[in-house]
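Engineer: Just passing along the structure, written as structure tokens.
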Amino acid sequence: TPLGGEYKLKGTSTRGFEISTQRELTPGTYLAPKCEIDSYNVYTEIQDPTGKNLWRGYQSDQEITITKTETHKFAIRFAENRTVDKTFTPRLYKLD
């Protein structure tokens, strides 16, 4: 089951920033695949409710186990003075 949307990013960041949202995840195992935009300068990220990083998109595909229904943070982070011109679709799959 894919969760996510498509994003078009074009321009140069003048400062570091993030675009983020929160989403409730139910118990189960999820697959976070490496995202096609990711590098150490522009990347996607998933955090648990305490702010702990569960995965960053420049890492390999990773399974994440959620044990209880909680709200997680999903972010796209940008480093300062980075240029990007890319359409990408970050995904998180719930494994059935």
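Within each chain, counting starts at residue 1; across the structure tokens, chains are named A, B, ... in the order shown, with ligands numbered 1 upward in that order.
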I want to know what sits within 9 Å of Lys68 (chain A), based on only C-alpha atoms, with residues of the same chain fewer than 2 positions away left out; could you give that as a PyMOL selection string?
Structural biologist: chain A and resi 25-28+66+70
Engineer: If we count only C-alpha atoms and set the cut-off at 6 Å, which residues sit around Asn41 (chain A), ignoring sequence neighbours fewer than 2 positions away in its own chain? Please answer as a ChimeraX atom specification.
Structural biologist: /A:39,78-79
Engineer: Write a file of the selected residues as a PDB file, in the first residue's frame, keeping N, CA and C atoms.
Structural biologist:
ATOM      1  N   SER A  39      20.273  12.653  -1.320  1.00  0.00           N
ATOM      2  CA  SER A  39      21.719  12.747  -1.150  1.00  0.00           C
ATOM      3  C   SER A  39      21.902  13.237   0.288  1.00  0.00           C
ATOM      4  N   PHE A  78      16.513  20.164   3.246  1.00  0.00           N
ATOM      5  CA  PHE A  78      17.397  20.815   2.276  1.00  0.00           C
ATOM      6  C   PHE A  78      18.561  21.466   3.002  1.00  0.00           C
ATOM      7  N   ALA A  79      19.753  21.266   2.489  1.00  0.00           N
ATOM      8  CA  ALA A  79      20.925  21.973   3.005  1.00  0.00           C
ATOM      9  C   ALA A  79      21.007  23.340   2.307  1.00  0.00           C
TER      10      ALA A  79
END
Engineer: Determine, counting only C-alpha atoms, which protein, DNA and RNA residues have an atom within 9 Å of an atom of region 18-21 of chain A; residues of the same chain fewer than 2 positions away are not included. Present the result as a PyMOL selection string.
Structural biologist: chain A and resi 16+23+72-79
Engineer: Can those selected residues be exported to a file as a PDB file, in the first residue's frame so that it contains N, CA, C and O atoms?
Structural biologist:
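Output file part.pdb is given in full below:
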ATOM      1  N   GLY A  16      19.154  26.415   4.925  1.00  0.00           N
ATOM      2  CA  GLY A  16      18.657  25.081   5.186  1.00  0.00           C
ATOM      3  C   GLY A  16      17.216  25.144   5.680  1.00  0.00           C
ATOM      4  O   GLY A  16      16.847  26.056   6.415  1.00  0.00           O
ATOM      5  N   ARG A  23       1.818  12.001   9.945  1.00  0.00           N
ATOM      6  CA  ARG A  23       0.849  10.991   9.536  1.00  0.00           C
ATOM      7  C   ARG A  23       0.801   9.893  10.579  1.00  0.00           C
ATOM      8  O   ARG A  23       1.837   9.464  11.087  1.00  0.00           O
ATOM      9  N   HIS A  72       3.746   9.937  13.176  1.00  0.00           N
ATOM     10  CA  HIS A  72       5.150  10.047  12.781  1.00  0.00           C
ATOM     11  C   HIS A  72       5.343  11.272  11.890  1.00  0.00           C
ATOM     12  O   HIS A  72       4.429  11.687  11.192  1.00  0.00           O
ATOM     13  N   LYS A  73       6.546  11.807  11.901  1.00  0.00           N
ATOM     14  CA  LYS A  73       6.878  12.976  11.082  1.00  0.00           C
ATOM     15  C   LYS A  73       7.569  12.517   9.803  1.00  0.00           C
ATOM     16  O   LYS A  73       8.474  11.690   9.842  1.00  0.00           O
ATOM     17  N   PHE A  74       7.125  13.080   8.700  1.00  0.00           N
ATOM     18  CA  PHE A  74       7.720  12.834   7.385  1.00  0.00           C
ATOM     19  C   PHE A  74       8.244  14.175   6.886  1.00  0.00           C
ATOM     20  O   PHE A  74       7.508  15.156   6.871  1.00  0.00           O
ATOM     21  N   ALA A  75       9.499  14.227   6.486  1.00  0.00           N
ATOM     22  CA  ALA A  75      10.099  15.506   6.095  1.00  0.00           C
ATOM     23  C   ALA A  75      10.961  15.361   4.849  1.00  0.00           C
ATOM     24  O   ALA A  75      11.492  14.293   4.555  1.00  0.00           O
ATOM     25  N   ILE A  76      11.066  16.468   4.122  1.00  0.00           N
ATOM     26  CA  ILE A  76      12.048  16.625   3.062  1.00  0.00           C
ATOM     27  C   ILE A  76      12.969  17.729   3.553  1.00  0.00           C
ATOM     28  O   ILE A  76      12.522  18.836   3.860  1.00  0.00           O
ATOM     29  N   ARG A  77      14.249  17.439   3.684  1.00  0.00           N
ATOM     30  CA  ARG A  77      15.219  18.399   4.229  1.00  0.00           C
ATOM     31  C   ARG A  77      16.168  18.889   3.140  1.00  0.00           C
ATOM     32  O   ARG A  77      16.564  18.123   2.267  1.00  0.00           O
ATOM     33  N   PHE A  78      16.513  20.164   3.246  1.00  0.00           N
ATOM     34  CA  PHE A  78      17.397  20.815   2.276  1.00  0.00           C
ATOM     35  C   PHE A  78      18.561  21.466   3.002  1.00  0.00           C
ATOM     36  O   PHE A  78      18.364  22.167   3.985  1.00  0.00           O
ATOM     37  N   ALA A  79      19.753  21.266   2.489  1.00  0.00           N
ATOM     38  CA  ALA A  79      20.925  21.973   3.005  1.00  0.00           C
ATOM     39  C   ALA A  79      21.007  23.340   2.307  1.00  0.00           C
ATOM     40  O   ALA A  79      20.409  23.561   1.254  1.00  0.00           O
TER      41      ALA A  79
END
Engineer: In Å, how far is it from CA of Thr71 (chain A) to CA of Tyr93 (chain A)?
Structural biologist: 16.0 Å
Engineer: So which bits of region 7-96 of chain A end up strand (DSSP E) when you DSSP the backbone, as an MDAnalysis selection string?
Structural biologist: chainID A and resid 7:12 17:25 28:32 42:47 53:56 62:66 70:78 83:88 92:94
Engineer: Limited to C-alpha atoms, could you put the picked residues into a file as a PDB file, in the first residue's frame?
Structural biologist:
ATOM      1  CA  TYR A   7       6.725  16.579  -5.567  1.00  0.00           C
ATOM      2  CA  LYS A   8       8.388  18.944  -8.038  1.00  0.00           C
ATOM      3  CA  LEU A   9      11.410  20.744  -6.627  1.00  0.00           C
ATOM      4  CA  LYS A  10      13.247  23.382  -8.617  1.00  0.00           C
ATOM      5  CA  GLY A  11      15.585  26.091  -7.387  1.00  0.00           C
ATOM      6  CA  THR A  12      18.459  26.847  -5.060  1.00  0.00           C
ATOM      7  CA  PHE A  17      14.988  24.190   5.697  1.00  0.00           C
ATOM      8  CA  GLU A  18      12.451  21.381   5.682  1.00  0.00           C
ATOM      9  CA  ILE A  19       8.998  20.656   4.365  1.00  0.00           C
ATOM     10  CA  SER A  20       7.203  18.315   6.744  1.00  0.00           C
ATOM     11  CA  THR A  21       3.918  16.678   7.556  1.00  0.00           C
ATOM     12  CA  GLN A  22       2.676  14.215  10.140  1.00  0.00           C
ATOM     13  CA  ARG A  23       0.849  10.991   9.536  1.00  0.00           C
ATOM     14  CA  GLU A  24      -0.582   8.360  11.827  1.00  0.00           C
ATOM     15  CA  LEU A  25       0.859   4.902  11.250  1.00  0.00           C
ATOM     16  CA  GLY A  28       2.727  -3.377  11.180  1.00  0.00           C
ATOM     17  CA  THR A  29       5.816  -3.567   9.035  1.00  0.00           C
ATOM     18  CA  TYR A  30       6.541  -0.847   6.502  1.00  0.00           C
ATOM     19  CA  LEU A  31       9.078  -0.682   3.689  1.00  0.00           C
ATOM     20  CA  ALA A  32      10.855   2.632   3.135  1.00  0.00           C
ATOM     21  CA  VAL A  42      18.486  17.011  -0.028  1.00  0.00           C
ATOM     22  CA  TYR A  43      16.719  14.013   1.483  1.00  0.00           C
ATOM     23  CA  THR A  44      13.528  12.542   2.862  1.00  0.00           C
ATOM     24  CA  GLU A  45      13.271  11.414   6.460  1.00  0.00           C
ATOM     25  CA  ILE A  46      10.885   9.589   8.817  1.00  0.00           C
ATOM     26  CA  GLN A  47      10.910  10.271  12.574  1.00  0.00           C
ATOM     27  CA  ASN A  53      15.169   9.200  12.991  1.00  0.00           C
ATOM     28  CA  LEU A  54      13.864   5.871  11.723  1.00  0.00           C
ATOM     29  CA  TRP A  55      15.115   6.259   8.153  1.00  0.00           C
ATOM     30  CA  ARG A  56      16.695   8.744   5.772  1.00  0.00           C
ATOM     31  CA  GLN A  62      14.657  -0.415   5.068  1.00  0.00           C
ATOM     32  CA  GLU A  63      11.852  -2.209   6.858  1.00  0.00           C
ATOM     33  CA  ILE A  64      10.388  -0.309   9.805  1.00  0.00           C
ATOM     34  CA  THR A  65       8.272  -2.077  12.423  1.00  0.00           C
ATOM     35  CA  ILE A  66       5.570   0.007  14.121  1.00  0.00           C
ATOM     36  CA  GLU A  70       1.241   6.758  16.662  1.00  0.00           C
ATOM     37  CA  THR A  71       1.834   9.913  14.649  1.00  0.00           C
ATOM     38  CA  HIS A  72       5.150  10.047  12.781  1.00  0.00           C
ATOM     39  CA  LYS A  73       6.878  12.976  11.082  1.00  0.00           C
ATOM     40  CA  PHE A  74       7.720  12.834   7.385  1.00  0.00           C
ATOM     41  CA  ALA A  75      10.099  15.506   6.095  1.00  0.00           C
ATOM     42  CA  ILE A  76      12.048  16.625   3.062  1.00  0.00           C
ATOM     43  CA  ARG A  77      15.219  18.399   4.229  1.00  0.00           C
ATOM     44  CA  PHE A  78      17.397  20.815   2.276  1.00  0.00           C
ATOM     45  CA  THR A  83      20.266  23.396  -6.343  1.00  0.00           C
ATOM     46  CA  VAL A  84      17.668  20.840  -7.354  1.00  0.00           C
ATOM     47  CA  ASP A  85      15.430  20.373 -10.409  1.00  0.00           C
ATOM     48  CA  LYS A  86      13.630  17.083  -9.974  1.00  0.00           C
ATOM     49  CA  THR A  87      10.196  15.520  -9.719  1.00  0.00           C
ATOM     50  CA  PHE A  88      10.131  12.665  -7.257  1.00  0.00           C
ATOM     51  CA  LEU A  92       6.348   4.209   2.257  1.00  0.00           C
ATOM     52  CA  TYR A  93       4.719   0.814   1.768  1.00  0.00           C
ATOM     53  CA  LYS A  94       2.775  -1.074   4.391  1.00  0.00           C
TER      54      LYS A  94
END
Engineer: Using only C-alpha atoms, which of the listed residues (A:Thr69, A:Thr89, A:Ser60, A:Asn81) sits closest to Lys34 (chain A)?
Structural biologist: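 Nearest candidate to Lys34 (chain A) out of A:Thr69, A:Thr89, A:Ser60, A:Asn81: A:Ser60.
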